[in-house]
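Engineer: Below you will find the structure I want to go over with you.
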Amino acid sequence: MIQNDAFPAPPARENDYNEGERVYLMADASIFIPCTVDLFLPHVGEAMVSLLRRAGADPVYRRGQTCCGQPAMNAGYRREAIKAAKHFIDLFGNDEAIVAPSGSCVCMVKHHYPELLEDEPGWCRRAAELAPRVYELSQYLVDVLGVSDVGAAFTGAVTYHESCHVLRSLGVSTQPKALISAVKGATLVPMNQGDFCCGFGGEFANHYPDISESMVQDKVQNYLESGADLLILCEPGCLLNIGGYLGRHHPGKKVMHLASFLAQNGREGR
Amino acid sequence: MRISTERFTELAAQEIEKARIRPSLKMVPHFLHEKREAVLATHPDAPAAQAYGAAIRAEALARLPELLEEFEKKATANGAKVFWARTAEEANAYIVGLAKERGAKYVIKGKSMVTEEIGLNRALADQGIEPWEADLGEFIIQQMDRTPFHIVGPAINIAVEEVRDLFLAKGYMKEPTLDPVALGWAARLFLREKFHRAEFGVTGVNMAIAETGTIINLENEGNIRFTKSSPRTQVSVMTLEKVVPTMKDALHLIRLLSRNCTGQRITAYVSMDSGPKKEDEIDGPEELIIVIVDNGRSRMYRDQRAREALRCIRCAASLNICPVYRQIGGYAYGWVYSGPMGQVLMPPLLGLDRTQDLYRASTLCGACKSVCPAGIDHPGLFLYYRSLDVSADATTHRGFKAKKRPWKEALFFRAWGMAAARPWMWKSGISLARPLMNMHSQHGVVSRMRGAFGGWFRKRDLPAMAYETFRERWEKR
């Protein structure tokens, strides 16, 4: 394997093979890269890979992957979403664990695939079998790998945006907070209305700019008032929205995907 | 009732501007939500209580035809008269006719959303019968000729200064004041006189119990109880989904409704009517007429999925938590209902063709679903309506009337669907899109773009499309 700085070698894990209860560490994590990450935020994908390796997993990237189908389903194009869903199931169907740095993509596969395919029993069964094996990144790290301290360090106050699908569709909230809290030197401070939508909503942000802008303004206002130096989240859509607004109006303020935050500050902690 | 659902985007922009000038506007739903949270926690097991409420509403809808028949039988046995109205026009004509027959010069009204929906006030006024709203909020918006801003607090957006000016102009008080208690007192003095001489009262219904034929109203001002007890004739208007199986079910829903709605354990008044005044009783209306309005609901009921929206008990918790409602308030939704409850209810009632913005202007954040005591999956219904809106059979099978989507969008998604199942096509699509996306990029940032994606770039940037996508980076490694 070619060594690349963006993809550091996995840490040694000689003990893992013999310990019965930690045998899951041998498992490969098949990674799903959301379109937004693939096209606009590839560094988030790379951060996820390095993070998974550091946590003891061996991420595999299936090159045939395209999109989970969310944009089509949200726009009402079920037939097209079904095509994407079937492709996803064919590609990932045999993988033990599929990990994605996005709550909404995971929610799509987990909750919407079985519903989209309800008229085709064979496909529906395959979708239902796949559902429990799909994980949001922080969920996979904490709940499956049992890792909350990835050995990162950061000096300063950070706050966390509870993305809608991560929080309400997947019920994931303690996991990212545990990962953030374990970072040496980082203080997790609360943010007002941290569980409020930032106004992304895919096509919504473009089609209803008045409402969407107002929502992201409120979100940013709450972030500024929290006094944190950095806003962390687990959803690339929110990252593009909040980041896009901050970039133009508050260029000094930072927003980061949890994966980048943990991976970028990782080496300092080692 | 004027309907302006097609002007959603334009009205929303106006309302956002108003809220910018008056930031307090945004705080009202916030306070209501906070209060709800605190009081809901007084339930020993709040999630279980909510789930029980959802189960009651689900059962009520599953058995709706049977329960309605039973309710009619029991209510009639109690001495009430039941009238079935297929449409708003039928309901209005019947009530107006009744008021004329009874020789009523005016009608006193308790707060009710269904009479807003059917436009009863207009119908009465057209026939020379004055309608007087007795709920303070409804009283104010009636005088100002507005629609409800919020289904529970119809006038929560009206500034106290506006109320002062209105009351002075109408002569309800002589001295200007901003004291809410004094303003309330002025309205009470005026309405007391109306109650005193009332012959004909009209109210809504919160719940109708099939088992006992009882109708229930919840309120905090006492105007509904007054409206139901002082006039000779009481007309209670309900839509057909208000029925629940038993008194026990209703009592649980009362607990839930109070908590979810106004953050109270119980509202100040809960009144139950099982029939008009009996011979040995000293007060109450001499006749009780229950008008059951369909107005598009039985058509909606035939659709197994859309029927879920009929579970709503009008608590407005979904409005108060909705990040979109908090930005735009209630007017932009274009009819009497607003917020997520309106967004799931109005499209099947009015037609999907004229309500596209209602089910599309949502980020699918799911906050509404998380608070709903009736177990409505609002985002799921939005997705359902969107899919009906796209698929051709919406016009033929469901009777919901869909409009054709723009051809460019349809073409885009057709191509997208083909590519999503063919990785080589997907990759070529990305290579083709990149130069277009990055045409105006500077230092890795795109700040403007013309055409279909202009909305995003008004106040936001986007990273330029990566020179190497994740896939390309991985393949090169």
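We label chains A, B, ... in the order they appear in the structure tokens, count residues from 1 in each chain, and number ligands from 1 in the order shown.
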Find the residues around Gly263 in chain B up to 9 Å (only C-alpha atoms counted), leave out those fewer than 2 positions away in its own chain, and share them as a list of chain:residue names.

Structural biologist: B:Leu32, B:His33, B:Glu34, B:Lys35, B:Arg36, B:Glu37, B:Ala38, B:Val39, B:Leu40, B:Leu257, B:Ser258, B:Arg259, B:Asn260, B:Cys261, B:Arg265, B:Ile266

Engineer: From the DSSP assignment of the backbone, select every residue of range 10-117 of chain A that is strand (DSSP E), and format the answer as a PyMOL selection string.

Structural biologist: chain A and resi 29-31+60-61+97-100

Engineer: Would you kindly return, as a list in words, each protein, DNA or RNA residue with an atom no farther than 7 Å from any atom of Ser230 in chain B, considering only C-alpha atoms and excluding same-chain residues fewer than 2 positions away?

Structural biologist: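 My reading of the contact set: Phe195, Ala198, Phe226, Thr227, Lys228, Arg232, Gly284 and Pro285 of chain B.
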
Engineer: Using only C-alpha atoms, I'd like a table of the residues in chain B that come within 6 Å of chain A; for each, show the closest atom pair and its distance in Å rounded to one decimal, ordered by chain and ascending number, as a tab-separated table.

Structural biologist:
```
residue	atom	partner	partner_atom	distance
B:Ala13	CA	A:Asp210	CA	6.0
B:Thr363	CA	A:Gly201	CA	3.9
B:Cys365	CA	A:Cys164	CA	5.1
B:Arg386	CA	A:Gly76	CA	4.4
B:Ser387	CA	A:Gly76	CA	3.9
B:Val390	CA	A:Gly76	CA	5.8
B:Gly417	CA	A:Glu80	CA	4.5
B:Ala420	CA	A:Ala84	CA	5.1
B:Ala421	CA	A:His87	CA	5.3
B:Pro423	CA	A:Gly64	CA	5.4
B:Gly455	CA	A:Asn206	CA	4.4
B:Trp456	CA	A:Asn206	CA	4.5
B:Arg460	CA	A:Tyr245	CA	4.6
B:Asp461	CA	A:Gly244	CA	4.3
B:Leu462	CA	A:Gly244	CA	5.5
B:Pro463	CA	A:Phe40	CA	6.0
B:Met465	CA	A:Phe40	CA	5.0
B:Ala466	CA	A:Phe40	CA	5.4
B:Thr469	CA	A:Asp38	CA	5.2
B:Phe470	CA	A:Pro42	CA	4.7
```

Engineer: So which one's closest to Asn223 in chain B, B:Ala88, B:Ile108, B:Leu178, B:Ala309? Using only C-alpha atoms, please.

Structural biologist: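 Checking each of B:Ala88, B:Ile108, B:Leu178, B:Ala309 against Asn223 in chain B, counting only C-alpha atoms, the winner is B:Ile108.
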
Engineer: Applying 9 Å and only C-alpha atoms, which residues near Lys242 in chain B remain after dropping the ones on its own chain fewer than 3 positions away? List them as number ranges by chain.

Structural biologist: B: 60, 205-209, 238-239, 310-313

Engineer: Between A:Val134, A:Ala57, A:Leu116, A:Ala128, which one has atoms that come closest to Val99 in chain A, using only C-alpha atoms?

Structural biologist: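 The answer is A:Val134, which sits nearest to Val99 in chain A.
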
Engineer: Select, from B:Cys315, B:Ser4, B:Glu17, B:Gly110, the residue with the minimum atom-to-atom distance to Gln327 in chain B, counting only C-alpha atoms.

Structural biologist: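 Looking only at the distances to Gln327 in chain B, the closest residue turns out to be B:Glu17.
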
Engineer: Of the candidates A:Gly171, A:Pro121, A:Pro236, A:Gly151, which shows the shortest atom-to-atom distance to Ala100 in chain A, using only C-alpha atoms?

Structural biologist: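 Looking only at the distances to Ala100 in chain A, the closest residue turns out to be A:Pro236.
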
Engineer: CA of Gly204 in chain B and CA of Gln356 in chain B, how far apart in Å?

Structural biologist: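 Calculated distance between CA of Gln356 in chain B and CA of Gly204 in chain B is 28.9 Å.
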
Engineer: Env of Leu52 in chain A: 12 Å cut, atoms = only C-alpha atoms, seq-sep filter 6 positions within chain, self excluded. Answer as a PDB file with C-alpha atoms, in the first residue's frame.

Structural biologist:
```
ATOM      1  CA  PHE A   7      -3.996   8.327   5.045  1.00  0.00           C
ATOM      2  CA  PRO A   8      -1.648   7.477   7.900  1.00  0.00           C
ATOM      3  CA  ALA A   9      -0.886   3.823   8.572  1.00  0.00           C
ATOM      4  CA  PRO A  10      -3.190   2.072  11.020  1.00  0.00           C
ATOM      5  CA  PRO A  11      -1.889   1.770  14.586  1.00  0.00           C
ATOM      6  CA  LEU A  25     -11.746  -4.850  15.800  1.00  0.00           C
ATOM      7  CA  ALA A  27     -13.983  -6.161  11.231  1.00  0.00           C
ATOM      8  CA  ASP A  28     -13.660  -3.959   8.214  1.00  0.00           C
ATOM      9  CA  ALA A  29     -15.657  -0.798   8.207  1.00  0.00           C
ATOM     10  CA  SER A  30     -16.972  -0.126   4.757  1.00  0.00           C
ATOM     11  CA  ILE A  31     -17.123   3.631   4.394  1.00  0.00           C
ATOM     12  CA  GLY A  45     -13.746  11.832   4.252  1.00  0.00           C
ATOM     13  CA  GLU A  46     -10.002  11.594   4.706  1.00  0.00           C
ATOM     14  CA  ASP A  58      -9.612  -1.035   8.683  1.00  0.00           C
ATOM     15  CA  PRO A  59     -11.776   1.146   6.445  1.00  0.00           C
ATOM     16  CA  VAL A  60     -12.648  -0.127   3.006  1.00  0.00           C
ATOM     17  CA  ILE A  98     -21.149   0.640   6.833  1.00  0.00           C
ATOM     18  CA  VAL A  99     -19.993   3.929   8.311  1.00  0.00           C
ATOM     19  CA  ALA A 100     -20.788   7.429   7.030  1.00  0.00           C
ATOM     20  CA  PRO A 101     -19.889  10.894   8.312  1.00  0.00           C
ATOM     21  CA  LEU A 137     -19.383   7.904  12.406  1.00  0.00           C
ATOM     22  CA  SER A 138     -19.540   8.919  16.076  1.00  0.00           C
ATOM     23  CA  GLN A 139     -22.048   6.157  16.736  1.00  0.00           C
ATOM     24  CA  TYR A 140     -19.704   3.590  15.196  1.00  0.00           C
ATOM     25  CA  LEU A 141     -16.688   4.845  17.125  1.00  0.00           C
ATOM     26  CA  VAL A 142     -18.385   4.951  20.519  1.00  0.00           C
ATOM     27  CA  VAL A 144     -19.352  -0.342  18.181  1.00  0.00           C
ATOM     28  CA  LEU A 145     -15.625   0.163  18.606  1.00  0.00           C
ATOM     29  CA  GLY A 146     -16.013   1.323  22.187  1.00  0.00           C
ATOM     30  CA  VAL A 147     -13.631   4.225  21.625  1.00  0.00           C
ATOM     31  CA  SER A 148     -14.384   7.653  22.978  1.00  0.00           C
ATOM     32  CA  VAL A 150      -9.135   9.106  20.139  1.00  0.00           C
ATOM     33  CA  ALA A 259     -14.131  13.896  12.004  1.00  0.00           C
ATOM     34  CA  SER A 260     -11.837  16.760  10.980  1.00  0.00           C
ATOM     35  CA  LEU A 262     -10.692  14.785  16.005  1.00  0.00           C
ATOM     36  CA  ALA A 263      -8.293  13.865  13.214  1.00  0.00           C
TER      37      ALA A 263
END
```

Engineer: Do you know which residues are at most 9 Å from Met439 in chain B counting only C-alpha atoms, after dropping those on the same chain fewer than 5 positions away, and could you put them as a list in words?

Structural biologist: Arg434, Val446 and Met449 of chain B

Engineer: With C-alpha atoms retained, write the just-selected residues as a JSON list (two decimals), in the first residue's frame.

Structural biologist:
```json
[["chain", "number", "residue", "atom", "x", "y", "z"],
["B", 434, "ARG", "CA", -17.05, 20.62, -12.06],
["B", 446, "VAL", "CA", -17.68, 30.06, -4.97],
["B", 449, "MET", "CA", -23.79, 31.71, -9.35]]
```
